[in-house]
Amino acid sequence: MNDNVRNMQVSILSDNWYTLKKVEFEYLNNSKQWEKQSREAYDRGNGAVVLLYNTDKKTVILTRQFRMPTYLNKNKDGMMIEACAGLLDENDPKTAILKEIEEETGYRIKTVEKVFESYMSPGSVTEILYFFIAEYSEKEKVSEGGGATDETENIEVLEYQFKEALDLIKTGAIKDAKTIMLLQYAQINLENLMK
């Protein structure tokens with residue numbers, strides 16, 4: 001617990017899709033004065049994301065899907081290129097990401113490696129995202145992927161040369177933070193993809 005926070009009151013503003021909370025509290029500032037503050041926090045649960053890579057082919061698997069919030073913020077078609085990701089729901093991060101990999105990409109992967117975790121937007125969203133990498137091969141492809149039918153995801157599965165994926169960051173075709181973080185992690189730590 002943080003001794004600089006007291007008298008916290010939480011109210012729910014919306015729970016239509018996920019939960020938007022208003023939090024009013026007192027915070028002991030740097031001048032040692034208690035000040036009243038009010039913040040909103042969006043709670044959508046924690047999530048997991050994975051970069052699928054193939055060392056032999058020097059490729060990565062990414063996805064493309066429509067994202068309404070980006071469409072509302074000037075992404076002209078709302079489409080985003082992203083690493084495979086999803087919410088944990090009631091699962092641990094590893095179980096959740098293995099499920100998402102098969103649903104979204106059609107690959108049944110047995111082994112993933114957790115590389116780090118991060119708050120993605122700590123000023124407004126409660127989510128912690130767990131980052132994984134996993135090697136894939138064609139023999140692990142069991143379906144076309146595309147997402148769970150009951151989740152209306154309509155996901156397109158994309159395979160890029162690793163260097164091409166890095167170039168898509170430079171051109172602005174990839175603007176998703178979690179995907180950029182994993183591609184840069186791979187650039188630094190997976191030397192065989194760069195050769």
# chains A, B, ... in the order shown; residues from 1 in each chain; ligands from 1
>>> closest_atom_pairs(of="stretch 63-182 of chain A", to="stretch 10-22 of chain A", cutoff="12 Å", atoms="only C-alpha atoms", output="tab-separated table")
residue	atom	partner	partner_atom	distance
A:Leu87	CA	A:Tyr18	CA	11.7
A:Asp89	CA	A:Tyr18	CA	11.9
A:Ser124	CA	A:Leu20	CA	9.6
A:Val125	CA	A:Leu20	CA	9.2
A:Thr126	CA	A:Leu20	CA	10.1
A:Glu127	CA	A:Tyr18	CA	11.6
>>> select_by_dssp(residues="stretch 15-192 of chain A", states="helix (DSSP H, G or I)", output="VMD selection string")
chain A and resid 68 to 72 93 to 105 138 to 140 149 to 151 162 to 171 177 to 189 191 to 192
>>> select_by_dssp(residues="stretch 15-58 of chain A", states="strand (DSSP E or B)", output="VMD selection string")
chain A and resid 19 to 28 34 to 43 47 to 54
>>> write_last_selection(atoms="C-alpha atoms", output="short mmCIF file (atom, residue, chain, number, x, y, z; two decimals), in the first residue's frame")
data_model
loop_
_atom_site.label_atom_id
_atom_site.label_comp_id
_atom_site.auth_asym_id
_atom_site.auth_seq_id
_atom_site.Cartn_x
_atom_site.Cartn_y
_atom_site.Cartn_z
CA THR A 19 -15.39 -1.10 -16.34
CA LEU A 20 -14.72 2.62 -16.21
CA LYS A 21 -14.14 3.79 -12.64
CA LYS A 22 -13.88 7.24 -11.11
CA VAL A 23 -11.42 7.38 -8.22
CA GLU A 24 -11.38 10.32 -5.80
CA PHE A 25 -8.60 10.40 -3.22
CA GLU A 26 -6.12 12.51 -1.31
CA TYR A 27 -2.46 12.38 -2.27
CA LEU A 28 0.50 13.55 -0.18
CA TRP A 34 -2.51 16.52 1.18
CA GLU A 35 -4.30 17.41 -2.05
CA LYS A 36 -7.59 16.12 -3.41
CA GLN A 37 -7.34 14.38 -6.78
CA SER A 38 -9.78 12.71 -9.13
CA ARG A 39 -8.89 10.20 -11.85
CA GLU A 40 -10.66 7.78 -14.16
CA ALA A 41 -9.35 4.26 -14.72
CA TYR A 42 -10.48 1.83 -17.39
CA ASP A 43 -10.33 -1.80 -16.27
CA GLY A 47 -3.65 -9.43 -21.39
CA ALA A 48 -0.91 -11.29 -23.21
CA VAL A 49 0.83 -10.78 -26.56
CA VAL A 50 3.24 -12.95 -28.56
CA LEU A 51 5.61 -12.50 -31.46
CA LEU A 52 5.66 -15.69 -33.55
CA TYR A 53 8.92 -16.03 -35.47
CA ASN A 54 10.58 -18.58 -37.75
#
>>> residues_around(residues="stretch 163-178 of chain A", least_positions_apart="5", cutoff="9 Å", atoms="only C-alpha atoms", output="list in words")
Val49, Lys58, Thr59, Val60, Leu62, Met80, Ile81, Glu82, Ala83, Met120, Leu129, Phe131, Leu183, Gln184, Gln187, Leu193 and Met194 of chain A
>>> write_last_selection(atoms="N, CA, C and O atoms", output="PDB file, in the first residue's frame")
ATOM      1  N   VAL A  49       0.505 -10.984 -25.154  1.00  0.00           N
ATOM      2  CA  VAL A  49       0.829 -10.783 -26.556  1.00  0.00           C
ATOM      3  C   VAL A  49       2.046 -11.632 -26.900  1.00  0.00           C
ATOM      4  O   VAL A  49       2.900 -11.877 -26.038  1.00  0.00           O
ATOM      5  N   LYS A  58      13.236 -16.632 -41.486  1.00  0.00           N
ATOM      6  CA  LYS A  58      13.427 -15.226 -41.082  1.00  0.00           C
ATOM      7  C   LYS A  58      12.124 -14.430 -41.219  1.00  0.00           C
ATOM      8  O   LYS A  58      12.091 -13.318 -41.735  1.00  0.00           O
ATOM      9  N   THR A  59      11.055 -15.048 -40.722  1.00  0.00           N
ATOM     10  CA  THR A  59       9.731 -14.446 -40.833  1.00  0.00           C
ATOM     11  C   THR A  59       9.075 -14.294 -39.466  1.00  0.00           C
ATOM     12  O   THR A  59       9.487 -14.907 -38.481  1.00  0.00           O
ATOM     13  N   VAL A  60       8.031 -13.465 -39.446  1.00  0.00           N
ATOM     14  CA  VAL A  60       7.177 -13.307 -38.261  1.00  0.00           C
ATOM     15  C   VAL A  60       5.724 -13.379 -38.708  1.00  0.00           C
ATOM     16  O   VAL A  60       5.393 -13.058 -39.851  1.00  0.00           O
ATOM     17  N   LEU A  62       2.077 -11.848 -38.017  1.00  0.00           N
ATOM     18  CA  LEU A  62       1.321 -10.746 -37.424  1.00  0.00           C
ATOM     19  C   LEU A  62      -0.130 -10.879 -37.871  1.00  0.00           C
ATOM     20  O   LEU A  62      -0.469 -11.761 -38.664  1.00  0.00           O
ATOM     21  N   MET A  80      -5.426  -2.273 -38.170  1.00  0.00           N
ATOM     22  CA  MET A  80      -4.158  -2.267 -37.436  1.00  0.00           C
ATOM     23  C   MET A  80      -3.421  -3.578 -37.669  1.00  0.00           C
ATOM     24  O   MET A  80      -4.024  -4.654 -37.624  1.00  0.00           O
ATOM     25  N   ILE A  81      -2.119  -3.473 -37.895  1.00  0.00           N
ATOM     26  CA  ILE A  81      -1.247  -4.650 -37.947  1.00  0.00           C
ATOM     27  C   ILE A  81      -0.674  -4.832 -36.553  1.00  0.00           C
ATOM     28  O   ILE A  81      -0.083  -3.907 -35.999  1.00  0.00           O
ATOM     29  N   GLU A  82      -0.860  -6.029 -35.998  1.00  0.00           N
ATOM     30  CA  GLU A  82      -0.492  -6.287 -34.604  1.00  0.00           C
ATOM     31  C   GLU A  82       0.079  -7.683 -34.429  1.00  0.00           C
ATOM     32  O   GLU A  82      -0.203  -8.579 -35.216  1.00  0.00           O
ATOM     33  N   ALA A  83       0.797  -7.849 -33.340  1.00  0.00           N
ATOM     34  CA  ALA A  83       1.165  -9.185 -32.887  1.00  0.00           C
ATOM     35  C   ALA A  83      -0.087  -9.830 -32.291  1.00  0.00           C
ATOM     36  O   ALA A  83      -0.999  -9.144 -31.821  1.00  0.00           O
ATOM     37  N   MET A 120       0.592  -0.714 -20.168  1.00  0.00           N
ATOM     38  CA  MET A 120       0.627  -0.110 -21.501  1.00  0.00           C
ATOM     39  C   MET A 120       0.190   1.351 -21.531  1.00  0.00           C
ATOM     40  O   MET A 120       0.614   2.104 -22.397  1.00  0.00           O
ATOM     41  N   LEU A 129       0.230  -6.082 -19.474  1.00  0.00           N
ATOM     42  CA  LEU A 129       0.355  -6.938 -20.641  1.00  0.00           C
ATOM     43  C   LEU A 129       1.600  -7.801 -20.484  1.00  0.00           C
ATOM     44  O   LEU A 129       2.682  -7.291 -20.188  1.00  0.00           O
ATOM     45  N   PHE A 131       4.308 -10.168 -22.233  1.00  0.00           N
ATOM     46  CA  PHE A 131       4.906 -10.289 -23.562  1.00  0.00           C
ATOM     47  C   PHE A 131       5.629 -11.621 -23.712  1.00  0.00           C
ATOM     48  O   PHE A 131       6.452 -11.979 -22.861  1.00  0.00           O
ATOM     49  N   LEU A 183       8.817  -6.438 -31.765  1.00  0.00           N
ATOM     50  CA  LEU A 183       9.726  -6.451 -32.914  1.00  0.00           C
ATOM     51  C   LEU A 183      11.088  -5.883 -32.549  1.00  0.00           C
ATOM     52  O   LEU A 183      12.127  -6.408 -32.965  1.00  0.00           O
ATOM     53  N   GLN A 184      11.103  -4.834 -31.743  1.00  0.00           N
ATOM     54  CA  GLN A 184      12.385  -4.281 -31.299  1.00  0.00           C
ATOM     55  C   GLN A 184      13.097  -5.225 -30.337  1.00  0.00           C
ATOM     56  O   GLN A 184      14.321  -5.345 -30.384  1.00  0.00           O
ATOM     57  N   GLN A 187      14.694  -7.708 -32.561  1.00  0.00           N
ATOM     58  CA  GLN A 187      15.837  -7.104 -33.250  1.00  0.00           C
ATOM     59  C   GLN A 187      17.080  -7.114 -32.355  1.00  0.00           C
ATOM     60  O   GLN A 187      18.190  -7.376 -32.834  1.00  0.00           O
ATOM     61  N   LEU A 193      17.370 -13.846 -36.659  1.00  0.00           N
ATOM     62  CA  LEU A 193      16.373 -13.275 -37.558  1.00  0.00           C
ATOM     63  C   LEU A 193      16.972 -12.198 -38.454  1.00  0.00           C
ATOM     64  O   LEU A 193      16.428 -11.898 -39.507  1.00  0.00           O
ATOM     65  N   MET A 194      18.063 -11.617 -38.009  1.00  0.00           N
ATOM     66  CA  MET A 194      18.663 -10.493 -38.743  1.00  0.00           C
ATOM     67  C   MET A 194      19.699 -10.945 -39.777  1.00  0.00           C
ATOM     68  O   MET A 194      20.102 -10.159 -40.613  1.00  0.00           O
TER      69      MET A 194
END
>>> closest_atom_pairs(of="stretch 81-105 of chain A", to="stretch 144-150 of chain A", cutoff="9 Å", atoms="only C-alpha atoms", output="CSV")
residue,atom,partner,partner_atom,distance
A:Glu100,CA,A:Gly147,CA,7.9
A:Ile101,CA,A:Gly145,CA,8.3
A:Glu102,CA,A:Gly145,CA,6.5
A:Glu103,CA,A:Gly147,CA,4.8
A:Glu104,CA,A:Gly147,CA,4.2
A:Thr105,CA,A:Gly145,CA,4.2
>>> atom_distance(atom1="atom CA of A:Glu113", atom2="atom CA of A:Phe132")
5.3 Å
>>> closest_residue(among="A:Ala186, A:Lys139, A:Thr152, A:Gly45", to="A:Glu90", atoms="only C-alpha atoms")
A:Gly45
>>> decode(residues="stretch 83-178 of chain A", atoms="C-alpha atoms", output="short mmCIF file (atom, residue, chain, number, x, y, z; two decimals), in the first residue's frame")
data_model
loop_
_atom_site.label_atom_id
_atom_site.label_comp_id
_atom_site.auth_asym_id
_atom_site.auth_seq_id
_atom_site.Cartn_x
_atom_site.Cartn_y
_atom_site.Cartn_z
CA ALA A 83 1.17 -9.19 -32.89
CA CYS A 84 -1.26 -11.88 -31.76
CA ALA A 85 -2.80 -10.84 -28.43
CA GLY A 86 -5.79 -11.23 -26.15
CA LEU A 87 -7.17 -10.85 -22.67
CA LEU A 88 -6.32 -13.39 -19.99
CA ASP A 89 -9.96 -13.80 -18.96
CA GLU A 90 -9.64 -16.33 -16.12
CA ASN A 91 -6.42 -17.94 -17.43
CA ASP A 92 -2.78 -17.51 -16.51
CA PRO A 93 -0.78 -15.58 -19.15
CA LYS A 94 0.83 -18.64 -20.77
CA THR A 95 -2.44 -20.57 -21.11
CA ALA A 96 -4.20 -17.49 -22.45
CA ILE A 97 -1.61 -16.74 -25.13
CA LEU A 98 -1.42 -20.35 -26.33
CA LYS A 99 -5.21 -20.24 -26.81
CA GLU A 100 -5.02 -16.89 -28.62
CA ILE A 101 -2.26 -18.11 -30.94
CA GLU A 102 -4.40 -20.97 -32.20
CA GLU A 103 -7.61 -18.92 -32.45
CA GLU A 104 -6.04 -15.94 -34.21
CA THR A 105 -3.24 -17.42 -36.31
CA GLY A 106 -4.14 -21.09 -36.70
CA TYR A 107 -0.85 -22.33 -35.25
CA ARG A 108 -0.84 -24.81 -32.35
CA ILE A 109 2.33 -23.86 -30.49
CA LYS A 110 3.54 -25.88 -27.53
CA THR A 111 6.21 -23.58 -26.10
CA VAL A 112 6.27 -19.82 -25.47
CA GLU A 113 8.87 -17.76 -23.64
CA LYS A 114 7.85 -14.83 -21.45
CA VAL A 115 10.22 -11.93 -22.08
CA PHE A 116 8.74 -9.08 -20.00
CA GLU A 117 5.54 -7.42 -18.79
CA SER A 118 4.38 -3.84 -18.95
CA TYR A 119 1.62 -1.41 -18.06
CA MET A 120 0.63 -0.11 -21.50
CA SER A 121 -1.10 3.13 -20.55
CA PRO A 122 -0.62 3.59 -16.79
CA GLY A 123 -2.27 7.00 -16.66
CA SER A 124 -5.69 5.67 -17.61
CA VAL A 125 -5.79 1.87 -18.07
CA THR A 126 -5.23 -0.76 -15.35
CA GLU A 127 -4.05 -3.50 -17.75
CA ILE A 128 -0.73 -5.31 -17.38
CA LEU A 129 0.35 -6.94 -20.64
CA TYR A 130 2.52 -10.07 -20.58
CA PHE A 131 4.91 -10.29 -23.56
CA PHE A 132 5.95 -13.62 -25.10
CA ILE A 133 7.94 -14.88 -28.06
CA ALA A 134 7.56 -18.29 -29.73
CA GLU A 135 9.08 -20.03 -32.70
CA TYR A 136 6.61 -21.46 -35.22
CA SER A 137 6.85 -23.88 -38.13
CA GLU A 138 4.46 -24.85 -40.91
CA LYS A 139 3.91 -28.29 -39.35
CA GLU A 140 2.23 -26.53 -36.40
CA LYS A 141 -0.45 -24.92 -38.59
CA VAL A 142 -3.79 -26.57 -37.77
CA SER A 143 -6.28 -24.04 -39.21
CA GLU A 144 -6.57 -20.74 -41.04
CA GLY A 145 -6.98 -18.81 -37.76
CA GLY A 146 -8.97 -15.60 -38.02
CA GLY A 147 -10.17 -15.36 -34.43
CA ALA A 148 -12.95 -16.91 -32.39
CA THR A 149 -16.24 -16.80 -34.28
CA ASP A 150 -18.17 -15.69 -31.20
CA GLU A 151 -15.86 -12.68 -30.71
CA THR A 152 -16.47 -11.04 -34.14
CA GLU A 153 -12.74 -10.47 -34.62
CA ASN A 154 -12.37 -10.97 -38.43
CA ILE A 155 -8.60 -11.34 -38.21
CA GLU A 156 -6.33 -11.58 -41.25
CA VAL A 157 -3.13 -13.58 -40.67
CA LEU A 158 0.02 -12.05 -42.18
CA GLU A 159 3.51 -13.48 -42.63
CA TYR A 160 6.32 -10.97 -43.16
CA GLN A 161 10.04 -11.21 -43.56
CA PHE A 162 11.40 -9.92 -40.25
CA LYS A 163 13.27 -7.02 -41.88
CA GLU A 164 10.10 -6.08 -43.77
CA ALA A 165 8.16 -5.95 -40.49
CA LEU A 166 10.80 -3.61 -39.06
CA ASP A 167 10.44 -1.40 -42.15
CA LEU A 168 6.66 -1.25 -41.56
CA ILE A 169 7.39 0.49 -38.26
CA LYS A 170 9.43 3.14 -40.09
CA THR A 171 6.75 3.71 -42.73
CA GLY A 172 3.99 3.95 -40.13
CA ALA A 173 2.13 0.87 -41.34
CA ILE A 174 2.70 -0.64 -37.88
CA LYS A 175 1.58 1.80 -35.17
CA ASP A 176 0.70 -0.65 -32.42
CA ALA A 177 2.91 -0.21 -29.33
CA LYS A 178 2.94 -3.84 -28.19
#
